[in-house]
Every structure is written in structure tokens, then in C-alpha cells.
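Heads up, coords06.cif below (mmCIF, C-alpha atoms):
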```cif
data_query
#
loop_
_atom_site.label_atom_id
_atom_site.label_comp_id
_atom_site.auth_asym_id
_atom_site.auth_seq_id
_atom_site.Cartn_x
_atom_site.Cartn_y
_atom_site.Cartn_z
CA TYR C 73 -90.08 61.51 -58.26
CA LEU C 74 -88.42 58.40 -59.69
CA ALA C 75 -90.89 58.34 -62.59
CA ARG C 76 -89.22 61.45 -64.06
CA ASP C 77 -86.47 60.67 -66.57
CA GLU C 78 -83.99 63.00 -64.87
CA ASN C 79 -84.48 61.21 -61.57
CA ARG C 80 -84.42 57.63 -62.80
CA PRO C 81 -81.63 55.45 -61.38
CA GLN C 82 -78.46 55.89 -63.39
CA VAL C 83 -77.92 52.15 -63.58
CA GLY C 84 -75.86 51.05 -66.58
CA SER C 85 -74.15 54.41 -67.00
CA VAL C 86 -72.93 55.52 -63.56
CA PHE C 87 -73.17 52.19 -61.73
CA THR C 88 -74.27 48.58 -62.26
CA LYS C 89 -76.21 46.34 -59.94
CA ALA C 90 -74.14 43.79 -58.04
CA THR C 91 -75.87 40.49 -57.25
CA VAL C 92 -74.38 38.28 -54.57
CA ALA C 93 -75.73 34.74 -54.12
CA ILE C 94 -74.93 33.50 -50.60
CA LEU C 95 -75.32 29.73 -50.48
CA GLY C 96 -75.00 27.18 -47.72
CA PRO C 97 -76.87 24.79 -45.43
CA SER C 98 -79.37 26.08 -42.88
CA ARG C 99 -77.77 27.71 -39.84
CA SER C 100 -74.35 27.86 -41.49
CA GLY C 101 -74.02 31.63 -41.04
CA LYS C 102 -75.37 33.02 -44.33
CA GLY C 103 -77.31 35.73 -42.50
CA LEU C 104 -74.28 36.67 -40.42
CA LEU C 105 -72.21 37.15 -43.55
CA ALA C 106 -75.01 39.15 -45.21
CA ASP C 107 -75.21 41.44 -42.16
CA ASP C 108 -71.46 42.02 -42.19
CA LEU C 109 -71.45 42.66 -45.93
CA ARG C 110 -74.25 45.21 -45.48
CA ASP C 111 -72.35 46.98 -42.71
CA GLU C 112 -69.08 47.09 -44.64
CA THR C 113 -70.77 48.34 -47.82
CA VAL C 114 -72.65 51.04 -45.92
CA ALA C 115 -69.39 52.09 -44.24
CA LEU C 116 -67.63 52.47 -47.60
CA ALA C 117 -70.52 54.47 -49.04
CA LEU C 118 -70.60 56.67 -45.94
CA ALA C 119 -66.87 57.32 -46.31
CA ALA C 120 -67.68 58.55 -49.82
CA GLY C 121 -70.34 60.90 -48.43
CA GLN C 122 -73.36 58.78 -49.38
CA GLN C 123 -76.05 57.38 -47.11
CA TRP C 124 -77.12 53.99 -48.43
CA ASN C 125 -80.39 52.57 -47.18
CA TYR C 126 -81.04 48.91 -46.49
CA ALA C 127 -84.13 46.81 -47.12
CA GLN C 128 -85.04 43.21 -46.35
CA PRO C 129 -88.32 42.69 -48.21
CA ALA C 130 -90.86 39.93 -47.78
CA GLY C 131 -90.38 36.53 -49.33
CA ARG C 132 -93.17 37.06 -51.90
CA ASN C 133 -93.70 40.05 -54.18
CA ALA C 134 -90.31 41.17 -52.94
CA LEU C 135 -89.92 44.15 -55.27
CA GLU C 136 -92.77 45.96 -53.54
CA GLY C 137 -90.67 46.32 -50.38
CA ILE C 138 -87.47 47.69 -51.91
CA GLY C 139 -88.30 51.31 -52.68
CA THR C 140 -85.18 53.46 -52.98
CA ALA C 141 -82.92 51.17 -50.92
CA GLN C 142 -79.40 50.78 -52.25
CA ILE C 143 -78.75 47.49 -50.44
CA VAL C 144 -81.27 44.65 -50.42
CA HIS C 145 -81.08 41.30 -48.70
CA HIS C 146 -83.50 38.57 -49.80
CA ASP C 147 -83.30 36.15 -46.91
CA ASP C 148 -84.12 32.51 -47.70
CA ALA C 149 -84.72 33.36 -51.36
CA ARG C 150 -87.10 31.01 -53.17
CA HIS C 151 -88.61 30.93 -56.64
CA TRP C 152 -91.79 32.61 -55.42
CA MET C 153 -89.83 35.75 -54.48
CA LEU C 154 -90.87 37.06 -57.90
CA PRO C 155 -93.97 35.89 -59.78
CA THR C 156 -92.33 35.15 -63.16
CA TYR C 157 -88.96 34.19 -64.58
CA ASP C 158 -89.03 37.32 -66.72
CA GLU C 159 -89.20 39.50 -63.63
CA TRP C 160 -86.29 37.58 -62.13
CA LEU C 161 -84.20 38.38 -65.21
CA ARG C 162 -85.27 42.04 -65.25
CA TYR C 163 -84.52 42.47 -61.58
CA LEU C 164 -81.08 40.82 -61.73
CA ASP C 165 -80.02 42.55 -64.94
CA PRO C 166 -77.00 44.60 -63.82
CA ASN C 167 -77.54 47.31 -66.45
CA ARG C 168 -81.29 47.87 -66.32
CA ALA C 169 -83.84 49.34 -63.95
CA THR C 170 -87.35 48.30 -64.94
CA GLU C 171 -90.66 49.24 -63.41
CA VAL C 172 -92.06 46.98 -60.74
CA ALA C 173 -95.24 45.08 -61.67
CA THR C 174 -97.02 45.12 -58.31
CA ARG C 175 -100.40 43.67 -57.40
CA PHE C 176 -102.20 47.04 -57.54
CA LYS C 177 -100.33 49.32 -59.91
CA ASN C 178 -96.93 49.61 -61.49
CA ARG C 179 -94.40 51.50 -59.44
CA PRO C 180 -91.26 53.43 -60.40
CA PRO C 181 -88.22 51.31 -61.21
CA VAL C 182 -86.01 49.96 -58.47
CA ALA C 183 -82.27 49.67 -58.91
CA PRO C 184 -80.46 48.69 -55.71
CA ARG C 185 -76.72 48.80 -56.02
CA VAL C 186 -76.21 45.60 -54.03
CA ILE C 187 -78.60 42.64 -54.17
CA MET C 188 -77.92 39.85 -51.69
CA ALA C 189 -79.88 36.59 -51.95
CA SER C 190 -79.16 33.97 -49.30
CA THR C 191 -80.59 30.48 -49.70
CA SER C 192 -80.03 26.87 -48.71
CA GLN C 193 -80.70 25.91 -52.33
CA THR C 194 -77.90 25.49 -54.82
CA LEU C 195 -77.51 28.22 -57.40
CA LEU C 196 -78.64 25.88 -60.18
CA SER C 197 -81.73 24.71 -58.28
CA LEU C 198 -82.70 28.32 -57.46
CA ALA C 199 -82.40 29.25 -61.14
CA LEU C 200 -84.32 26.18 -62.32
CA THR C 201 -87.16 26.65 -59.83
CA ALA C 202 -87.35 30.33 -60.78
CA LEU C 203 -87.67 29.38 -64.45
CA LEU C 204 -90.30 26.67 -63.95
CA GLN C 205 -91.94 28.31 -60.90
CA LYS C 206 -92.23 25.04 -59.01
CA LEU C 207 -90.93 23.62 -55.76
CA PRO C 208 -87.90 21.31 -55.89
CA ALA C 209 -90.03 18.35 -54.78
CA GLU C 210 -92.41 18.94 -57.72
CA LEU C 211 -89.52 19.16 -60.18
CA ALA C 212 -88.01 15.94 -58.80
CA GLU C 213 -91.20 14.03 -59.63
CA THR C 214 -90.90 14.85 -63.34
CA ALA C 215 -87.10 15.18 -63.56
CA ASP C 216 -86.64 12.16 -65.85
CA LYS C 217 -89.41 13.25 -68.21
CA ARG C 218 -88.35 16.84 -68.94
CA ARG C 219 -85.99 17.92 -71.65
CA PRO C 220 -82.96 20.00 -70.57
CA VAL C 221 -83.63 23.73 -70.33
CA ASN C 222 -81.23 26.66 -70.50
CA ILE C 223 -80.86 28.93 -67.44
CA ASP C 224 -77.69 30.78 -68.43
CA GLU C 225 -79.58 34.09 -68.61
CA PHE C 226 -80.14 33.76 -64.86
CA LEU C 227 -76.69 32.44 -63.98
CA LEU C 228 -74.73 35.05 -65.92
CA ARG C 229 -76.54 37.83 -64.02
CA ILE C 230 -75.02 36.64 -60.74
CA GLY C 231 -71.95 38.70 -59.97
CA TRP C 232 -70.56 36.79 -56.97
CA VAL C 233 -71.29 33.23 -55.85
CA VAL C 234 -70.49 32.83 -52.16
CA ASN C 235 -70.59 29.44 -50.43
CA VAL C 236 -70.62 29.42 -46.63
CA SER C 237 -69.75 26.55 -44.30
CA LYS C 238 -69.04 26.26 -40.59
CA PRO C 239 -67.29 23.74 -38.33
CA ALA C 240 -69.50 20.79 -37.39
CA GLY C 241 -71.37 21.13 -34.12
CA VAL C 242 -70.82 24.88 -33.71
CA THR C 243 -73.98 26.84 -32.83
CA ASP C 244 -72.67 30.01 -31.15
CA PRO C 245 -73.11 32.89 -33.65
CA THR C 246 -69.90 34.57 -32.47
CA VAL C 247 -67.88 31.42 -33.09
CA ILE C 248 -69.61 30.82 -36.41
CA ARG C 249 -68.78 34.37 -37.53
CA ASP C 250 -65.12 33.87 -36.66
CA GLU C 251 -64.70 30.28 -37.88
CA MET C 252 -66.88 30.13 -40.98
CA LEU C 253 -65.21 29.32 -44.28
CA VAL C 254 -66.31 31.53 -47.17
CA THR C 255 -65.59 30.52 -50.75
CA VAL C 256 -66.00 33.31 -53.32
CA ALA C 257 -66.41 32.50 -57.02
CA ARG C 258 -67.39 34.31 -60.23
CA ILE C 259 -69.59 33.11 -63.09
CA THR C 260 -68.09 33.21 -66.57
CA GLU C 261 -69.38 32.04 -69.95
CA GLY C 262 -67.52 29.13 -71.51
CA GLU C 263 -67.18 28.27 -75.18
CA GLU C 264 -68.88 24.86 -75.29
CA SER C 265 -72.41 24.00 -74.26
CA ARG C 266 -72.96 20.95 -72.08
CA ILE C 267 -75.75 19.09 -70.33
CA GLN C 268 -75.52 19.22 -66.55
CA GLY C 269 -77.65 17.71 -63.82
CA VAL C 270 -79.28 19.95 -61.22
CA HIS C 271 -79.58 18.98 -57.55
CA ASP C 272 -81.06 20.94 -54.69
CA GLY C 273 -79.39 21.61 -51.35
CA ASP C 274 -80.40 18.16 -50.08
CA GLY C 275 -79.00 16.38 -53.13
CA LEU C 276 -82.40 15.77 -54.76
CA TYR C 277 -82.14 15.42 -58.54
CA LEU C 278 -84.32 18.05 -60.26
CA GLY C 279 -83.49 17.49 -63.94
CA ASP C 280 -80.93 18.57 -66.54
CA ILE C 281 -79.95 21.91 -68.01
CA THR C 282 -77.97 22.95 -71.05
CA THR C 283 -75.38 25.51 -70.07
CA ARG C 284 -72.12 27.20 -70.95
CA HIS C 285 -71.50 28.76 -67.56
CA GLU C 286 -68.28 28.14 -65.64
CA VAL C 287 -67.65 28.75 -61.95
CA GLU C 288 -64.21 30.24 -61.32
CA SER C 289 -62.96 30.26 -57.74
CA VAL C 290 -61.63 33.63 -56.60
CA ALA C 291 -60.86 33.27 -52.90
CA MET C 292 -61.30 31.08 -49.85
CA ILE C 293 -61.56 33.21 -46.72
CA LYS C 294 -61.90 32.36 -43.03
CA GLY C 295 -64.15 34.60 -40.99
CA ALA C 296 -67.25 36.62 -41.89
CA GLU C 297 -65.74 40.06 -41.26
CA ARG C 298 -62.73 39.50 -43.48
CA ALA C 299 -64.88 37.98 -46.22
CA ALA C 300 -67.38 40.85 -46.00
CA ARG C 301 -64.61 43.44 -46.35
CA PHE C 302 -63.19 41.64 -49.37
CA LEU C 303 -66.62 41.44 -51.02
CA ALA C 304 -67.57 45.03 -50.15
CA VAL C 305 -64.50 46.64 -51.67
CA SER C 306 -64.70 44.31 -54.70
CA ILE C 307 -68.34 45.24 -55.29
CA ILE C 308 -67.79 48.98 -54.84
CA ALA C 309 -64.72 49.05 -57.07
CA GLU C 310 -66.33 47.07 -59.88
CA CYS C 311 -69.98 48.12 -59.80
CA SER C 312 -69.98 51.57 -58.17
CA PRO C 313 -66.93 53.39 -59.53
CA ASP C 314 -68.61 56.73 -58.80
CA VAL C 315 -68.46 55.87 -55.09
CA ALA C 316 -65.02 54.26 -55.18
CA ALA C 317 -63.59 57.40 -56.80
CA VAL C 318 -64.37 59.62 -53.77
CA ILE C 319 -63.57 57.23 -50.92
CA PRO C 320 -60.66 58.72 -48.90
CA GLY C 321 -57.36 57.01 -49.55
CA ASP C 322 -56.76 56.03 -45.93
CA VAL C 323 -60.15 54.28 -45.70
CA LEU C 324 -59.72 52.57 -49.04
CA GLY C 325 -56.20 51.55 -48.05
CA THR C 326 -57.51 49.68 -45.04
CA TYR C 327 -59.80 47.62 -47.25
CA GLN C 328 -57.16 47.18 -49.92
CA THR C 329 -54.90 45.64 -47.27
CA VAL C 330 -57.60 43.04 -46.63
CA VAL C 331 -57.96 42.40 -50.36
CA GLN C 332 -54.22 42.00 -50.81
CA GLY C 333 -54.10 39.61 -47.88
CA VAL C 334 -56.92 37.55 -49.34
CA VAL C 335 -55.27 37.54 -52.77
CA GLU C 336 -51.98 36.44 -51.24
CA ASP C 337 -53.72 33.70 -49.24
CA GLU C 338 -55.49 32.52 -52.39
CA LYS C 339 -52.21 32.52 -54.29
CA GLN C 340 -50.58 30.41 -51.60
CA ARG C 341 -53.58 28.08 -51.48
CA ARG C 342 -53.49 27.57 -55.24
CA GLU C 343 -49.75 27.02 -55.17
CA GLY C 344 -50.29 24.47 -52.41
CA GLU C 345 -53.02 22.78 -54.43
CA GLN C 346 -50.77 22.75 -57.49
CA GLN C 347 -47.91 21.30 -55.45
CA ARG C 348 -50.24 18.66 -54.01
CA ARG C 349 -51.46 17.70 -57.48
CA GLU C 350 -47.88 17.54 -58.76
CA ASN C 351 -46.90 15.36 -55.81
CA GLU C 352 -49.86 13.07 -56.46
CA LEU C 353 -48.90 12.84 -60.13
CA ALA C 354 -45.28 12.12 -59.20
CA VAL C 355 -46.31 9.42 -56.73
CA GLY C 356 -48.69 7.97 -59.30
CA ALA C 357 -45.98 7.96 -61.95
CA GLN C 358 -43.54 6.30 -59.56
CA LYS C 359 -46.07 3.60 -58.65
CA ALA C 360 -46.83 3.04 -62.34
CA ALA C 361 -43.11 2.70 -63.05
CA GLU C 362 -42.76 0.23 -60.17
CA ARG C 363 -45.73 -1.79 -61.46
CA GLU C 364 -44.22 -1.81 -64.97
CA GLU C 365 -40.85 -2.86 -63.59
CA ALA C 366 -42.45 -5.68 -61.59
CA ALA C 367 -44.40 -6.78 -64.67
CA GLU C 368 -41.18 -6.78 -66.71
CA VAL C 369 -39.47 -8.92 -64.06
CA ARG C 370 -42.39 -11.37 -64.16
CA ARG C 371 -42.15 -11.52 -67.97
CA LEU C 372 -38.41 -12.24 -67.78
CA ILE C 373 -38.95 -14.95 -65.18
CA GLU C 374 -41.68 -16.55 -67.28
CA ALA C 375 -39.50 -16.35 -70.41
CA GLU C 376 -36.59 -18.01 -68.58
CA ALA C 377 -38.89 -20.72 -67.26
CA ILE C 378 -40.12 -21.42 -70.79
CA ARG C 379 -36.56 -21.54 -72.10
CA LEU C 380 -35.52 -24.06 -69.46
CA GLU C 381 -38.63 -26.11 -70.11
CA ARG C 382 -37.88 -26.12 -73.82
CA GLU C 383 -34.39 -27.47 -73.16
CA LEU C 384 -35.71 -30.27 -70.95
CA CYS C 385 -38.75 -31.22 -73.02
CA SER C 386 -38.53 -34.46 -75.05
CA CYS C 387 -42.09 -34.27 -76.38
CA PRO C 388 -42.62 -34.45 -80.17
CA GLU C 389 -43.79 -30.81 -80.25
CA PHE C 390 -43.07 -27.79 -78.08
CA PRO C 391 -44.75 -26.04 -76.47
CA PRO C 392 -47.31 -28.63 -75.44
CA ILE C 393 -51.00 -27.70 -75.56
CA TYR C 394 -50.93 -26.70 -71.89
CA PHE C 395 -47.67 -26.15 -70.06
CA HIS C 396 -46.97 -28.59 -67.21
CA THR C 397 -50.08 -30.69 -67.99
CA ARG C 398 -49.56 -32.25 -71.44
CA HIS C 399 -45.94 -33.32 -71.30
CA GLU C 400 -45.53 -37.03 -71.87
CA ASP C 401 -45.13 -39.12 -68.78
CA THR C 402 -41.49 -39.81 -69.59
CA CYS C 403 -40.66 -36.17 -70.50
CA PRO C 404 -37.92 -34.70 -68.25
CA ALA C 405 -39.75 -31.35 -68.33
CA LEU C 406 -42.75 -32.79 -66.57
CA PRO C 407 -42.79 -31.33 -63.04
CA SER C 408 -42.30 -33.83 -60.25
CA GLU C 409 -45.62 -32.87 -58.67
CA GLU C 410 -47.43 -33.56 -61.93
CA ARG C 411 -45.51 -36.83 -62.35
CA GLU C 412 -46.56 -37.97 -58.87
CA ARG C 413 -50.13 -36.89 -59.50
CA ARG C 414 -50.27 -38.88 -62.74
CA ALA C 415 -48.76 -41.96 -61.06
CA GLN C 416 -51.29 -41.72 -58.25
CA GLU C 417 -54.08 -41.22 -60.75
CA LYS C 418 -52.86 -44.27 -62.76
CA GLN C 419 -52.78 -46.31 -59.58
CA TRP C 420 -56.35 -45.27 -58.74
CA VAL C 421 -57.47 -46.17 -62.27
CA ASP C 422 -55.79 -49.58 -62.11
CA GLU C 423 -57.27 -50.31 -58.69
CA GLU C 424 -60.71 -49.24 -59.85
CA ARG C 425 -60.38 -51.45 -62.96
CA ASP C 426 -59.31 -54.48 -60.91
CA ALA C 427 -62.13 -53.91 -58.45
CA LYS C 428 -64.62 -53.65 -61.29
CA ARG C 429 -63.38 -56.94 -62.80
CA GLU C 430 -63.72 -58.70 -59.44
CA ARG C 431 -67.29 -57.40 -59.07
CA GLU C 432 -68.18 -58.55 -62.60
CA LEU C 433 -66.67 -62.02 -62.01
CA ALA C 434 -68.51 -62.38 -58.69
CA PHE C 435 -71.76 -61.38 -60.38
CA LYS C 436 -71.29 -63.99 -63.14
CA LEU C 437 -70.44 -66.75 -60.66
CA GLU C 438 -73.53 -65.96 -58.64
CA LYS C 439 -75.67 -66.05 -61.76
CA VAL C 440 -74.27 -69.47 -62.80
CA ARG C 441 -74.78 -70.81 -59.30
CA LYS C 442 -78.43 -69.73 -59.30
CA ASN C 443 -79.00 -71.56 -62.59
CA GLY C 444 -77.61 -74.79 -61.07
CA LEU C 445 -74.73 -74.98 -63.45
CA LEU C 446 -72.09 -74.70 -60.77
CA LEU C 447 -71.74 -77.58 -58.36
CA GLU C 448 -71.10 -76.86 -54.73
CA LEU C 449 -68.13 -78.94 -53.60
CA PRO C 450 -68.25 -80.16 -50.04
CA GLU C 451 -65.68 -78.75 -47.77
#
```
Would you put the structure from the file into C-alpha cells?
Amino acid sequence: YLARDENRPQVGSVFTKATVAILGPSRSGKGLLADDLRDETVALALAAGQQWNYAQPAGRNALEGIGTAQIVHHDDARHWMLPTYDEWLRYLDPNRATEVATRFKNRPPVAPRVIMASTSQTLLSLALTALLQKLPAELAETADKRRPVNIDEFLLRIGWVVNVSKPAGVTDPTVIRDEMLVTVARITEGEESRIQGVHDGDGLYLGDITTRHEVESVAMIKGAERAARFLAVSIIAECSPDVAAVIPGDVLGTYQTVVQGVVEDEKQRREGEQQRRENELAVGAQKAAEREEAAEVRRLIEAEAIRLERELCSCPEFPPIYFHTRHEDTCPALPSEERERRAQEKQWVDEERDAKRERELAFKLEKVRKNGLLLELPE
């Protein structure tokens, strides 16, 4: 059926594929968010009169388990999900539906409307391992020997980057669903290329890439249900306009209220961040001004001290080689402490000289006495 041209998925013309990367540590609630996003997306499609099917294929040769499903969740996605980097790019291409190269025979093209990939890897490490088809530990062993590679083709196919975190110590799924923090971002292409290091979810360095991609934060949302609603309506509106156009206004209005709330929260958060940065800059500027003022006071004090010293100094030249140490002994500018130190030092020198003379005289007398040249007078 799907092999016929008239029945091929109308991807690229009627709709585009939406890829959502759900990232976060193990047991942080990625699966809970994916389940909620599936339910919300199915509900929107159903409101438009469409029945969207769901698939969660195996971890390897994943395309064989998709079939005609409109929503796909690749749980714990790894590089071996697809056998080659080329198939990764074909599958994630939002405007193309290519045939599936299976182990036995090629099958009709798959074009799910929503592709969810949840992983404990970072987005960069997933892309790099998909390109090189190696485990992170293997890449780490040769990270310093490889030249940077470009993975922007992969990154720019990702529609939404979603990072999930939960409060520390929470294990109850119900609490995690309510308390999780979901950060939504979009990938854009920047103007300048740069070299960037790649680390996996555990912080292991995997090598460098050359890239122009930028990650632009869109929203920070508390709670899986609210985040799923925001993502679902965003995905439908942007990638499935044919569905969005026939969703009843009252249903769409409910979701739009969530979106507006999220947008307003994000606006307030950014304004708060901007205010915080401005406050930090103001405090920094004030501290810098105080440091400069204190330095100026120190300079004035030092200049006044030098002026007074110049007036008191009776040395042939001013300033002396070292202030407070090379004034003549009789110079009025010589500090009293230095004057006392010099007098004490002179006294020690004189005492040491006298003691040395006494020792030398005693030595000579003893030598003369031993030679019999000095008579011992009776007492």
C-alpha cells in the first residue's frame, strides 16, 4: 500500500517530522515525560478526527518496528539504534520519507509525525557516537588523537531539545512527574564555525567537533503534564498544520492557555535573569569604583609621605636609592626605627671588632709564650 506513489507519506508537503530529544540522567523522568507527550499529542490528533498510532521499537534495527505509526518513542536511544550514520540522517530528515533498509528486504518508507528519542547521553555525544558508530568508552580512548568532525547535519535535524531533571532523592514517579523541571530549547545555525569539546552524560571527554549550531532556550517548565502540553501544541502547530487547522477552537484554546502561561513564565524568568545580571554588574561596578577610590587614597597618602620626606631629607640626592634605608645616619628624614636599628647594628659591629682584637692578641701572646720569648713573672 505505502509503496504506491499516491499512498506515500505526504511528508515535506502536508506535514514535517518533528524530532524531540529528551535528555537527562537515568531515572530522572524522561520516560514519564515521553508518555505524557504521547498522550497529549494523541489527544490533539483525536480532537482533529485522526487516530494516531504509537510505536516503541527495539533498540537495534529500530526502523523495522515503526510501520505506519505516527508517534514513535526510542527509549534509551544509542548509536546502534540505526546501523549507519546515513540512515540516522535519512530518518531524522524532517522533509523526507525514505525506504527502510531492513535485514531481509527493503520496506516501504516510514514517516512518523513525532519522533521522541530519550537518552542519558548528551545530544552531542549521541550525534558523535552515531557518526562514528562506537561506544563512548571507545571514543574516549582515542579522543586526543582524532581530528574534529562535523555533526551539524545531525544536530540541525533535531526540532526540540528537552532536558529533564528532578529533585534529589525523589523516587516516587508521581512526585517526579509533578516536580520535574523541563528545559525546552531549539537548535539554530550560527554564522561562525567553532571547535567544541564533546562529553557524554557522565562527563567523559569523547573528542572535538566543528560546529555552527546554537542552542536557544525557549522555556523552563515545572511538571511533566504542563511541559507535555506545551510541547504537543508546539509540535502540532509547527509540523502538522493540517491537523492544527481542524482542531476545535475550544480544545485548542485550552492548550493555548498553557502555552501562554509558559511563555509568560519564561518572560518573567528572563526578566529576572536580566535583572540579576544587571544587579551583579552594578555591584561589580560599585566594588571596582570602591577599589579605585581606595587605590587613589593610597596613592595620595604615599605622595604626601614622599613630599614630607623630601622636605626633611638632608642627603646629597633625593630620593635615596631605597626609601627609609639609604638616608645618611644624620639625615632628619631617617625614621627613628631605622636610626635605632643602625645604632644597634653599629654597636654589635664595634663589639664584634673589639672581641676579635682581644682574641687575636691572646693568640699572639700564647704563641710568644710557647716560644719562650715571654718571661713568666712570679706573683
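Closest approach to Thr88 of chain C among C:Asp250, C:Arg342, C:Ser312, C:Ser192 is made by C:Ser312 (distances from only C-alpha atoms).
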Open item on the list: Using the chain letters and numbers from this file, what does the PyMOL selection byres ((chain C and resi 123) around 12) select? Give the answer as a PyMOL selection string.
Closed with: chain C and resi 111+113-122+124-126+140-143+315
Open item on the list: Suppose a student applies the PyMOL selection byres ((chain C and resi 185-188) around 7) to this structure; what residues should they get, written as a VMD selection string?
Closed with: chain C and resid 88 to 93 142 to 146 183 to 184 189 to 190
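Picture a line from atom CA of Arg301 of chain C to atom CA of Gln328 of chain C; it runs 9.1 Å.
Here atom CA of Glu389 of chain C is placed at a distance of 17.2 Å from atom CA of Pro407 of chain C.
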